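Here the structure is laid out as structure tokens; the discussion comes afterwards.
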Amino acid sequence: MVLGKGASSSLSRKMVDGAEDMVSNCNDFTVLVVDDDPVIRKLHDMHLKKFGLSAQVVENGKTAVDLCHFGATFNLILMDKEMPIMDGVEATKELRAMGVNSLIVGVTSRDSQYETQAFMEAGLDFCFEKPLTADKISFILQELNKKN
Amino acid sequence: MEVGQMQRRLVDYTKSLFMEGFLDGQFLQLQQLQDESNPDFVVEVVSLFFDDSEKLLNDLTMALDQPNVDFKKVDAHVHQLKGSSSSIGAQRVKNACIAFRNFCEEQNIEACLRCLQQVKQEYYLVKNKLETLFRLEQQIVAAGGSIPLMEMGL
């Protein structure tokens, strides 16, 4: 299935069929979206809604760390890299140091391989180029199902 | 104009936006996310993009107008604009941002000012095009028709 190559109704139907299994498995997953861009936050939130998930949405790494520090737990964290106050690399390091073992997926612009590497080394499970698309989310949810 | 004609006009107009590079496949992703329970999703996201971009363009104008330009700040704003424009499929704006970032790295003020002009131009162009697109859609819905699904051999 190659999305982005056409929006024909048969393609959409195919996606929904596959997604049904996904939804029945992951209705209880908790998700945190960390991104300073309101457009991306809304887009990722909607992608997740399509799979039956509702996400908590925050604007920067520090808020994400504070949330977890005060006891919130999430199965999945979508972490933007470049944010004010505390960026994705710092936030990921802090979360892992706190013992958070959620699936953490980094979301970056097309930066250098070196920077993506540094982001992965901070403790990500996966790193994708932004914005996330339906097939990337599908992949992430499959990994989440495997993990839980 | 009857509904069938309006629908054809919409399809042709949308296709032209893709052919001319104003929009790319990411815009189709947005349309695919829209459904009966979220019927205004595309308009909502694009409106958010307009608000966000106008703020960023203002911030960029101010930042480049300073006696000592903070290129890190300029780069951060361009980075955000690049991210949001690419997420709605505004390809030409995104490409203008990519060029802009290169000149930020070189700390070349003149080139940055030129890039800002270019980005502004592309932004206003795509804003205009998208507003026209939404108007065409509204006309169809008002006439009792439905928005045709895009079939693109991209």
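Chains: A, B, ... in order of the structure tokens. Residues: from 1 per chain. Ligands: from 1, in order shown.
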For this session: Taking only C-alpha atoms into account, report as a ChimeraX atom specification which residues of chain B lie within 8 Å of chain A.
Result: /B:25-26,28-30,32-33,45,48-49,52,80,83-84,86-87,149-154
For this session: Go through stretch 39-99 of chain A and collect every residue that DSSP, computed from the backbone, puts in helix (DSSP H, G or I); the answer should be as a VMD selection string.
Result: chain A and resid 39 to 50 61 to 69 88 to 97
Exercise. Leaving out A:Ala118 and any residue of its chain fewer than 2 positions from it, which residues lie within 12 Å of it when counting only C-alpha atoms, given as a ChimeraX atom specification?
Worked result: /A:81,88-90,92-93,106,108,111-116,120-124,127
